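Before any comments, here is the structure.
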Amino acid sequence: MDQFHRAIGAGVIAVVAPAGYGKTTVVSLAAAELDFEPRWVTLETASRAPDVFARQLAQALSGDPRYPAPATAGTVSDLQAYVGGVLAETLASFERPLLLVIDNVHELADAPDALALLAWLPTALDGGHELVLVGRELPFVVGISEGVATGDIPLLGAELLGFSEDEVAEAIRLAGAGVDATSVYAATGGWPIAVMARLAGETLPGVGVADFERYLEGEVWAAVPEPLRFILHRLALLPTIDRTHVEVEYGLHAWRELSGWLARRDFLSEQLSPREFRLNPLLRRFIVSAFARTDPEGFAAALDAVLARLVRQGQVAEAVELAASEGSGEQVARLLEAHGHALILRGSFSVLRDGFAALPESTFERSALLAALRARLTAHTGDPAEALRMAEDVLSRSDARGTPGVHARLARLRALRLLGRTDDVLAEADRLRAIQWDGDPALAVEVSFHRADVELSVARNFARAEALLRSVIEEAEQLRIRPLGLLALSTLGQALAMHGDAPAAVTVLTKAAQGWRAVGRSSNLGWTLNNLGMAHLDSGEFESAAAVLEEAVREGIACGNRRNVAYATASLGDAELALGRFAAAQARYEEAMRICASEALDETLAALAIAGLSAALLGQGDVQQADFFARRAMLVAMASRNPYDIAFCRTRQAAVELAAGNAVASIALAEQAAAQFEELDIPPMIAVARYRAAMAQFKAGRRHEAQISLERCAAALRQPWMSGVLVPLVREHPMFAQWAASRPGAGRWFREILERQSFQVSDAPQEEPQVPGRLPKVVARSLGRVMVTVGGRHVSDEQWASTRAKELFFLLLAHRDGLRKEQAVELLYPELPRERCNSAFHSNLYRVRRALYQDCVVKQDGAYLLNPEGQFEWDVEQFEAALERGRRAEPGSKERALAFQEALELYEGPFAEVFESEWAAAKRTALHQAAHESLAALAGYFAARRDFEAAALCLERILRADRFNEEAAYELARCRSRAGQTVQALQFIDQYAADYEQEIGAPLPERFAQLRAAIASGRAV
């Protein structure tokens, strides 16, 4: 337990030992002591499927056992988006950091997609949360296994979990068992489950798993009454046993008998709640194996009932995985025939792979449908050439008519596209269109979607693609196939944007983004948001574009999709460029290029990002660097042979050539780009290229040609909104825009742009707008009151969640160079046992970050400190700085007095009286004394200038905080006398003497009597 507490703060903790070592018990007991929010996931065989694992995580995090499955599961990033969405909602509601326990993690061995999701979790939980991995073995997980090897991730193994002889003796004492600790330890080797069996009065034949199984068979199972055996056989097929299920299926008496039997052997089960428990894994495995061996027909019937129950609950993936691991091939085949298409639509490829692997080849020879579904799976996850062969084998069969044939053709279509056989893709799409069959309506809708995709991406027939997509959207909604409908909606929005109808694209993509959010997130959301941002850009809504693209970047980061992050980041660069924020655009493009180079290779994106960087540098006046990157972008585009990329890069190069004074070269490049965009039928980009040609022609003195280019530009602007794409070009050369607006005919478009936008007509470089720091300013007040604001927002006590969290923040303020964790806990938690301080520190560190912002506290060289890049303003530091200026100033000078006066204005009262720790008390005392020092110095300054009233006010302030400060009282009496207030001075001395004697129990020092006599006699004091 102590080791577990000490491990908190690592971010990941591994608890790994063979069965029977009480791993789950230790973690659950430790979790109950921590100031963390525990959530528990117990894995089983079905968890090997990544979408099942993702749903189990979502159910545990949300606390809702009926939390819906992910809408799409085709990629790990889909599942990361799904789990990330649940995490964001859940963590926002927690006042404490999360302790996420994943039990039976060994179940994920050899499940690469599920392990990829597990490998992502530490990153998703970064920020003070803890991930605990519990299992018999720790599968190899990228990042986690390396951390265990280096010691960065603590490993609690069998040597720590096993009982020592002293612990055996303590267990005997607590159980009240009349056995000898030494003999029990010698017989069990400290194996916890063997020790507990001994204490229950039963004896294991040895200390290994095989010995425990013999014990289960000979002593435990043999004593189970036959009616209870019947129930246990069937309940052992379930991961957990719920009271409601037992009572409904077998009656109340069955629950009482079962719970009573297990209560006498509590080491054979684990209580999850008053109404739910799970059997010891070894016991459960033994019962299931015995059931399958002794009553195969009964086992098959019981498993059928469990599978049917899972399907009714919408847990098809779990049913397939359970059938594949425990059932017969016939059971697996039935499930896949009934639900295989739905699993493909959802992208549950790992589930299908496990299901098909459990089937003998003879099953595929018998079922054309299963053979076709396997071909589709191979087309999605395997070798396209192999998928093509498998699909053609199915199509050659006599039983491949109808639904199997459609699936085979869809497999063939995907394989041909992956192989780049364009003509064959078009021919296959025609065959799909010609098929007439009264089969699954959902399959018919999917066929229409794939046909639309071919029309859009291969045939480039936008009109036909749009009609098909709108049909898919309508039919998918009627059939409640929401993911496919949303995919069609997103694709339609992208198509509308590509075809130049930006306002329609904004409308469609906004609806699609709302839909993806509603179904529980998907990596498709990031893609949709990126397209939505670009549609806003095309329609001239630059600020809206930036806001949407910021969300697209966050979404890509959340789901671990670096390609989406790169695209959204580059698109953000386009938005910054359109807004004239060239330095910000440069930073965005450079980040996109970095991701393309190291994390998500993409030639198209690389070309566009490099071309954008060229434009950003040009906007900052760096023509030489702009030329270098424009030429580099052109090389990448030419290598990719993408006509859009090539035309786009030519427009960028044309801008650079014009800036360099090469108007003729600029004209040639712009006109080439315009011709290419005309071939692609992209009106907004045609307008951009024609406008850029006109600018170069104007610069070359060829004004007649420039006017013709402007007319062709205006002709491409078929809708008023399209003129928005010209705004950055108008900003680039406002004087030319004024000339363009004065031209007859085409000039109206450019006049409207000038009327809607405000441009500075000057060739002088414009100053970049001040970009605020990315970290909000934190203002802390603790002299007389404790208050913190972040970016102007007041941090309430509810947001701090605990006084200790608030105190930790002020402790770090007081130690700007940082504190090691051990130093901090010594100052904050002197009353706690040392082994409990670690978890208390990390839970309050989490609260600090939650109350302020995530990066407010960083760890450097083993020390925790406030982020050096952050903005932290603290009244104590301002007070101490003013004091220091006063102390350095010439004694008696005005500068010294002003500094002390500034300090006293900041000192509104004692430091943070709500904090009772010794460090706070010491700080309070030191600041109090410094304030008195300032008041005394200020009183002396005023007295020296015969401003006795001001001096008296300073001294009275000292006495209000320290009633019996003799020096202040003495000087106050003198000041009153010197100010001509003799009566008041004498009354003050008399009252002070009475109060002093009553409180202290002694008379005032003799010098007060002498002072009183001098004042009374009128002598100078």
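Labeling convention for the structure tokens: chains A, B, ... as they appear, residues from 1 per chain, ligands from 1 in order of appearance.
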
Find the residues around Pro274 of chain A up to 10 Å (only C-alpha atoms counted), leave out those fewer than 3 positions away in its own chain, and share them as a VMD selection string. chain A and resid 242 to 243 271 277

Might you pull out every residue within 6 Å of segment 649-665 of chain A, with only C-alpha atoms counted and same-chain residues fewer than 6 positions away left off, and present them as a PyMOL selection string? chain A and resi 611+627+630+634+673+696+700

Kindly export the residues of the current selection with all heavy atoms, as a short mmCIF file (atom, residue, chain, number, x, y, z; two decimals), in the first residue's frame.
data_model
loop_
_atom_site.label_atom_id
_atom_site.label_comp_id
_atom_site.auth_asym_id
_atom_site.auth_seq_id
_atom_site.Cartn_x
_atom_site.Cartn_y
_atom_site.Cartn_z
N ALA A 611 4.01 26.63 -50.03
CA ALA A 611 3.55 27.78 -50.82
C ALA A 611 2.97 28.85 -49.90
O ALA A 611 3.19 30.05 -50.11
CB ALA A 611 2.51 27.32 -51.84
N ASP A 627 10.89 33.61 -52.37
CA ASP A 627 11.21 32.99 -53.66
C ASP A 627 11.73 31.56 -53.46
O ASP A 627 11.34 30.63 -54.19
CB ASP A 627 12.25 33.83 -54.39
CG ASP A 627 12.61 33.25 -55.74
OD1 ASP A 627 11.70 33.10 -56.58
OD2 ASP A 627 13.79 32.92 -55.95
N ALA A 630 8.76 29.36 -52.56
CA ALA A 630 7.82 29.22 -53.67
C ALA A 630 8.35 28.20 -54.68
O ALA A 630 7.59 27.36 -55.20
CB ALA A 630 7.59 30.57 -54.34
N MET A 634 6.82 24.43 -55.66
CA MET A 634 6.54 24.01 -57.03
C MET A 634 7.17 22.66 -57.34
O MET A 634 6.56 21.80 -57.99
CB MET A 634 7.06 25.07 -58.00
CG MET A 634 6.82 24.72 -59.46
SD MET A 634 5.05 24.60 -59.84
CE MET A 634 4.62 26.33 -59.85
N ALA A 673 -1.66 29.33 -64.42
CA ALA A 673 -2.48 28.87 -63.31
C ALA A 673 -3.96 29.05 -63.62
O ALA A 673 -4.78 28.16 -63.36
CB ALA A 673 -2.11 29.65 -62.04
N ALA A 696 0.11 42.05 -62.40
CA ALA A 696 1.42 42.03 -63.06
C ALA A 696 1.38 42.81 -64.37
O ALA A 696 2.34 43.53 -64.72
CB ALA A 696 1.83 40.58 -63.31
N ALA A 700 3.56 46.10 -65.47
CA ALA A 700 4.38 46.10 -66.70
C ALA A 700 3.94 47.18 -67.67
O ALA A 700 4.49 47.30 -68.78
CB ALA A 700 4.29 44.74 -67.37
#

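Listed by chain and then by rising number, the residues of segment 241-325 of chain A that DSSP assigns to strand (DSSP E or B) from the backbone are Ile241, Asp242, Ser269, Glu270, Gln271, Leu272, Ser273, Glu276, Phe277, Arg278 and Leu279 of chain A.
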
Write to file, as an mmCIF file, in the first residue's frame, the residues of the selection just made, with N, CA, C and O atoms.
data_model
loop_
_atom_site.group_PDB
_atom_site.id
_atom_site.type_symbol
_atom_site.label_atom_id
_atom_site.label_comp_id
_atom_site.auth_asym_id
_atom_site.auth_seq_id
_atom_site.Cartn_x
_atom_site.Cartn_y
_atom_site.Cartn_z
ATOM 1 N N ILE A 241 -21.305 -10.626 -12.114
ATOM 2 C CA ILE A 241 -22.588 -11.234 -11.735
ATOM 3 C C ILE A 241 -23.407 -10.188 -11.001
ATOM 4 O O ILE A 241 -22.984 -9.667 -9.958
ATOM 5 N N ASP A 242 -24.573 -9.875 -11.576
ATOM 6 C CA ASP A 242 -25.440 -8.827 -11.062
ATOM 7 C C ASP A 242 -26.653 -9.450 -10.372
ATOM 8 O O ASP A 242 -27.249 -10.409 -10.878
ATOM 9 N N SER A 269 -13.975 -14.367 -4.754
ATOM 10 C CA SER A 269 -14.736 -13.380 -5.511
ATOM 11 C C SER A 269 -14.354 -11.990 -5.033
ATOM 12 O O SER A 269 -13.729 -11.822 -3.984
ATOM 13 N N GLU A 270 -14.765 -11.025 -5.812
ATOM 14 C CA GLU A 270 -14.496 -9.620 -5.471
ATOM 15 C C GLU A 270 -15.801 -8.844 -5.545
ATOM 16 O O GLU A 270 -16.491 -8.885 -6.569
ATOM 17 N N GLN A 271 -16.148 -8.182 -4.453
ATOM 18 C CA GLN A 271 -17.389 -7.416 -4.401
ATOM 19 C C GLN A 271 -17.179 -6.073 -5.103
ATOM 20 O O GLN A 271 -16.325 -5.275 -4.704
ATOM 21 N N LEU A 272 -17.931 -5.823 -6.159
ATOM 22 C CA LEU A 272 -17.829 -4.571 -6.893
ATOM 23 C C LEU A 272 -18.795 -3.522 -6.351
ATOM 24 O O LEU A 272 -18.535 -2.323 -6.429
ATOM 25 N N SER A 273 -19.938 -3.998 -5.854
ATOM 26 C CA SER A 273 -20.945 -3.134 -5.234
ATOM 27 C C SER A 273 -21.842 -4.056 -4.417
ATOM 28 O O SER A 273 -21.717 -5.278 -4.512
ATOM 29 N N GLU A 276 -23.324 -6.404 -7.002
ATOM 30 C CA GLU A 276 -22.546 -6.954 -8.112
ATOM 31 C C GLU A 276 -21.186 -7.438 -7.618
ATOM 32 O O GLU A 276 -20.562 -6.805 -6.772
ATOM 33 N N PHE A 277 -20.735 -8.559 -8.158
ATOM 34 C CA PHE A 277 -19.403 -9.066 -7.845
ATOM 35 C C PHE A 277 -18.876 -9.814 -9.058
ATOM 36 O O PHE A 277 -19.590 -10.085 -10.027
ATOM 37 N N ARG A 278 -17.603 -10.146 -8.991
ATOM 38 C CA ARG A 278 -17.030 -10.978 -10.048
ATOM 39 C C ARG A 278 -16.249 -12.107 -9.416
ATOM 40 O O ARG A 278 -15.649 -11.951 -8.330
ATOM 41 N N LEU A 279 -16.238 -13.228 -10.095
ATOM 42 C CA LEU A 279 -15.539 -14.404 -9.593
ATOM 43 C C LEU A 279 -14.040 -14.231 -9.781
ATOM 44 O O LEU A 279 -13.582 -13.558 -10.707
#

How far is it from atom CA of Leu160 of chain A to atom CA of Ser47 of chain A, in Å with one decimal? 28.0 Å

Can you tell me which residues surround segment 952-958 of chain A at a distance of at most 12 Å, considering only C-alpha atoms, apart from same-chain residues fewer than 3 positions away, and format the answer as a ChimeraX atom specification? /A:900-901,904-905,907-909,928-943,946-949,961-979,981,984-985,988

Since we have the selection now, will you write its residues out, keeping N, CA and C atoms, as a short mmCIF file (atom, residue, chain, number, x, y, z; two decimals), in the first residue's frame?
data_model
loop_
_atom_site.label_atom_id
_atom_site.label_comp_id
_atom_site.auth_asym_id
_atom_site.auth_seq_id
_atom_site.Cartn_x
_atom_site.Cartn_y
_atom_site.Cartn_z
N PHE A 900 8.54 53.49 0.46
CA PHE A 900 7.88 52.91 1.63
C PHE A 900 6.36 53.16 1.59
N GLN A 901 5.99 54.32 1.09
CA GLN A 901 4.57 54.62 0.99
C GLN A 901 3.88 53.68 0.00
N LEU A 904 3.40 50.39 1.70
CA LEU A 904 2.32 50.39 2.69
C LEU A 904 0.94 50.42 2.03
N GLU A 905 0.85 51.00 0.86
CA GLU A 905 -0.42 50.98 0.13
C GLU A 905 -0.77 49.55 -0.30
N TYR A 907 0.23 46.88 1.44
CA TYR A 907 0.03 46.07 2.64
C TYR A 907 -1.33 46.39 3.25
N GLU A 908 -2.35 45.60 2.83
CA GLU A 908 -3.71 45.83 3.31
C GLU A 908 -4.03 45.01 4.55
N GLY A 909 -3.09 44.20 4.99
CA GLY A 909 -3.30 43.39 6.18
C GLY A 909 -2.32 42.23 6.20
N HIS A 928 4.86 41.27 8.22
CA HIS A 928 4.33 42.17 9.24
C HIS A 928 5.44 43.08 9.78
N GLN A 929 6.58 42.48 10.08
CA GLN A 929 7.70 43.26 10.60
C GLN A 929 8.21 44.25 9.55
N ALA A 930 8.20 43.82 8.28
CA ALA A 930 8.66 44.72 7.21
C ALA A 930 7.72 45.90 7.06
N ALA A 931 6.42 45.65 7.21
CA ALA A 931 5.45 46.75 7.13
C ALA A 931 5.67 47.74 8.26
N HIS A 932 5.93 47.22 9.47
CA HIS A 932 6.20 48.11 10.61
C HIS A 932 7.48 48.89 10.39
N GLU A 933 8.45 48.24 9.81
CA GLU A 933 9.71 48.93 9.50
C GLU A 933 9.44 50.10 8.56
N SER A 934 8.59 49.87 7.56
CA SER A 934 8.27 50.93 6.60
C SER A 934 7.53 52.07 7.29
N LEU A 935 6.56 51.72 8.15
CA LEU A 935 5.80 52.75 8.85
C LEU A 935 6.70 53.58 9.76
N ALA A 936 7.60 52.88 10.44
CA ALA A 936 8.51 53.61 11.34
C ALA A 936 9.41 54.55 10.55
N ALA A 937 9.93 54.05 9.43
CA ALA A 937 10.80 54.89 8.60
C ALA A 937 10.02 56.08 8.05
N LEU A 938 8.78 55.82 7.63
CA LEU A 938 7.96 56.89 7.08
C LEU A 938 7.60 57.91 8.17
N ALA A 939 7.33 57.40 9.38
CA ALA A 939 7.04 58.32 10.49
C ALA A 939 8.25 59.21 10.77
N GLY A 940 9.43 58.61 10.74
CA GLY A 940 10.64 59.40 10.95
C GLY A 940 10.82 60.44 9.86
N TYR A 941 10.50 60.05 8.61
CA TYR A 941 10.63 61.00 7.49
C TYR A 941 9.72 62.21 7.70
N PHE A 942 8.44 61.93 8.07
CA PHE A 942 7.48 63.03 8.26
C PHE A 942 7.86 63.88 9.47
N ALA A 943 8.32 63.19 10.53
CA ALA A 943 8.70 63.94 11.74
C ALA A 943 9.86 64.87 11.46
N ARG A 946 8.74 67.94 10.19
CA ARG A 946 7.80 68.57 11.11
C ARG A 946 6.34 68.39 10.69
N ASP A 947 6.11 67.32 9.94
CA ASP A 947 4.73 66.95 9.61
C ASP A 947 4.31 65.89 10.62
N PHE A 948 4.05 66.38 11.87
CA PHE A 948 3.81 65.44 12.96
C PHE A 948 2.47 64.72 12.83
N GLU A 949 1.48 65.33 12.18
CA GLU A 949 0.20 64.66 11.97
C GLU A 949 0.38 63.41 11.10
N ALA A 961 -2.06 47.34 14.63
CA ALA A 961 -1.68 45.95 14.36
C ALA A 961 -0.89 45.34 15.52
N ASP A 962 -0.24 46.19 16.34
CA ASP A 962 0.61 45.69 17.43
C ASP A 962 0.43 46.64 18.62
N ARG A 963 -0.60 46.35 19.45
CA ARG A 963 -1.04 47.28 20.50
C ARG A 963 0.07 47.69 21.46
N PHE A 964 0.97 46.77 21.72
CA PHE A 964 1.96 47.06 22.77
C PHE A 964 3.37 47.20 22.21
N ASN A 965 3.42 47.80 21.04
CA ASN A 965 4.72 48.14 20.45
C ASN A 965 5.22 49.40 21.16
N GLU A 966 6.14 49.22 22.10
CA GLU A 966 6.55 50.32 22.96
C GLU A 966 7.18 51.47 22.19
N GLU A 967 7.98 51.11 21.19
CA GLU A 967 8.67 52.17 20.44
C GLU A 967 7.67 53.04 19.70
N ALA A 968 6.66 52.40 19.08
CA ALA A 968 5.66 53.18 18.34
C ALA A 968 4.84 54.05 19.29
N ALA A 969 4.49 53.50 20.48
CA ALA A 969 3.71 54.27 21.46
C ALA A 969 4.51 55.47 21.94
N TYR A 970 5.77 55.27 22.23
CA TYR A 970 6.62 56.36 22.72
C TYR A 970 6.71 57.48 21.69
N GLU A 971 6.98 57.08 20.41
CA GLU A 971 7.12 58.08 19.35
C GLU A 971 5.79 58.79 19.06
N LEU A 972 4.67 58.06 19.20
CA LEU A 972 3.37 58.68 18.96
C LEU A 972 3.11 59.78 19.99
N ALA A 973 3.43 59.52 21.26
CA ALA A 973 3.25 60.54 22.30
C ALA A 973 4.11 61.76 21.99
N ARG A 974 5.33 61.54 21.55
CA ARG A 974 6.22 62.65 21.20
C ARG A 974 5.63 63.48 20.05
N CYS A 975 5.13 62.75 19.01
CA CYS A 975 4.58 63.46 17.85
C CYS A 975 3.37 64.31 18.25
N ARG A 976 2.50 63.74 19.09
CA ARG A 976 1.33 64.50 19.52
C ARG A 976 1.77 65.78 20.25
N SER A 977 2.77 65.65 21.10
CA SER A 977 3.27 66.80 21.86
C SER A 977 3.89 67.83 20.93
N ARG A 978 4.71 67.37 19.98
CA ARG A 978 5.40 68.29 19.09
C ARG A 978 4.43 68.98 18.13
N ALA A 979 3.27 68.32 17.90
CA ALA A 979 2.23 68.92 17.05
C ALA A 979 1.40 69.92 17.84
N GLN A 981 -0.36 69.12 20.55
CA GLN A 981 -1.53 68.43 21.11
C GLN A 981 -1.14 67.85 22.47
N GLN A 984 -3.87 65.69 24.31
CA GLN A 984 -4.03 64.38 23.67
C GLN A 984 -2.82 63.49 23.94
N ALA A 985 -1.63 64.07 23.98
CA ALA A 985 -0.43 63.27 24.24
C ALA A 985 -0.47 62.69 25.65
N PHE A 988 -3.11 59.96 25.95
CA PHE A 988 -2.67 58.73 25.29
C PHE A 988 -1.73 57.94 26.20
#

Best match for closeness to Glu170 of chain A among A:Leu199, A:Leu283, A:Ala17, A:Leu238, counting only C-alpha atoms: A:Leu199

Residue contacts of Leu865 of chain A (8 Å, only C-alpha atoms) excluding same-chain residues fewer than 4 positions away, as a ChimeraX atom specification: /A:812,815-819,857-860

Can you write out the residues you just picked, keeping C-alpha atoms, as a compact mmCIF listing (two decimals), in the first residue's frame?
# COMPACT_ATOMS: atom_id res chain seq x y z
CA LEU A 812 5.07 28.13 -5.37
CA HIS A 815 9.52 29.91 -4.22
CA ARG A 816 9.80 31.06 -7.82
CA ASP A 817 12.91 28.90 -8.40
CA GLY A 818 10.83 25.84 -7.60
CA LEU A 819 10.50 23.23 -4.89
CA VAL A 857 2.98 24.59 -12.98
CA VAL A 858 5.82 22.77 -14.72
CA LYS A 859 8.46 20.31 -13.60
CA GLN A 860 12.10 21.12 -14.35

Shell around Glu603 of chain A at 10 Å using only C-alpha atoms, local window under 5 positions removed, as a ChimeraX atom specification: /A:596-597,608-609,633,636-637,639-640,642,645

How about saving the chosen residues, C-alpha atoms kept, as a short mmCIF file (atom, residue, chain, number, x, y, z; two decimals), in the first residue's frame?
data_model
loop_
_atom_site.label_atom_id
_atom_site.label_comp_id
_atom_site.auth_asym_id
_atom_site.auth_seq_id
_atom_site.Cartn_x
_atom_site.Cartn_y
_atom_site.Cartn_z
CA CYS A 596 4.40 16.60 -42.62
CA ALA A 597 8.12 15.94 -42.45
CA LEU A 608 0.41 23.86 -50.04
CA ALA A 609 2.08 24.61 -46.68
CA ALA A 633 6.69 24.22 -53.23
CA VAL A 636 6.93 19.17 -54.52
CA ALA A 637 3.74 19.88 -56.49
CA ALA A 639 6.49 15.57 -58.17
CA SER A 640 2.97 14.82 -56.94
CA ASN A 642 -1.59 17.04 -58.75
CA ASP A 645 -1.38 21.85 -56.38
#

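Distance check against Ser544 of chain A using only C-alpha atoms: of A:Thr150, A:Thr510, A:Asn564, A:Gln315, the minimum falls on A:Thr510.
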
Can you work out which one of A:Arg847, A:Arg431, A:Arg482, A:Arg885 has the shortest atom-to-atom distance to Asp35 of chain A, counting only C-alpha atoms? A:Arg847

Residues within 12 Å of Leu811 of chain A, only C-alpha atoms, excluding chain neighbours under 5 positions, as an NGL selection string: :A and (780 or 782 or 804-806 or 816-821 or 823-828 or 845 or 848 or 857 or 864-866 or 874 or 876 or 912 or 915 or 917-921 or 923)

Go through A:Ala69, A:Ala14, A:Leu117, A:Ala186 and flag the residue nearest Gly157 of chain A, using only C-alpha atoms for the distances.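 Selected residue with least distance to Gly157 of chain A: A:Ala14.
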
Please identify which residues in segment 123-316 of chain A DSSP calls helix (DSSP H, G or I) from the backbone, and express them as a ChimeraX atom specification. /A:123-124,144-150,158-161,165-175,181-188,192-199,209-223,226-235,243-250,252-263,266-268,281-294,296-312,316
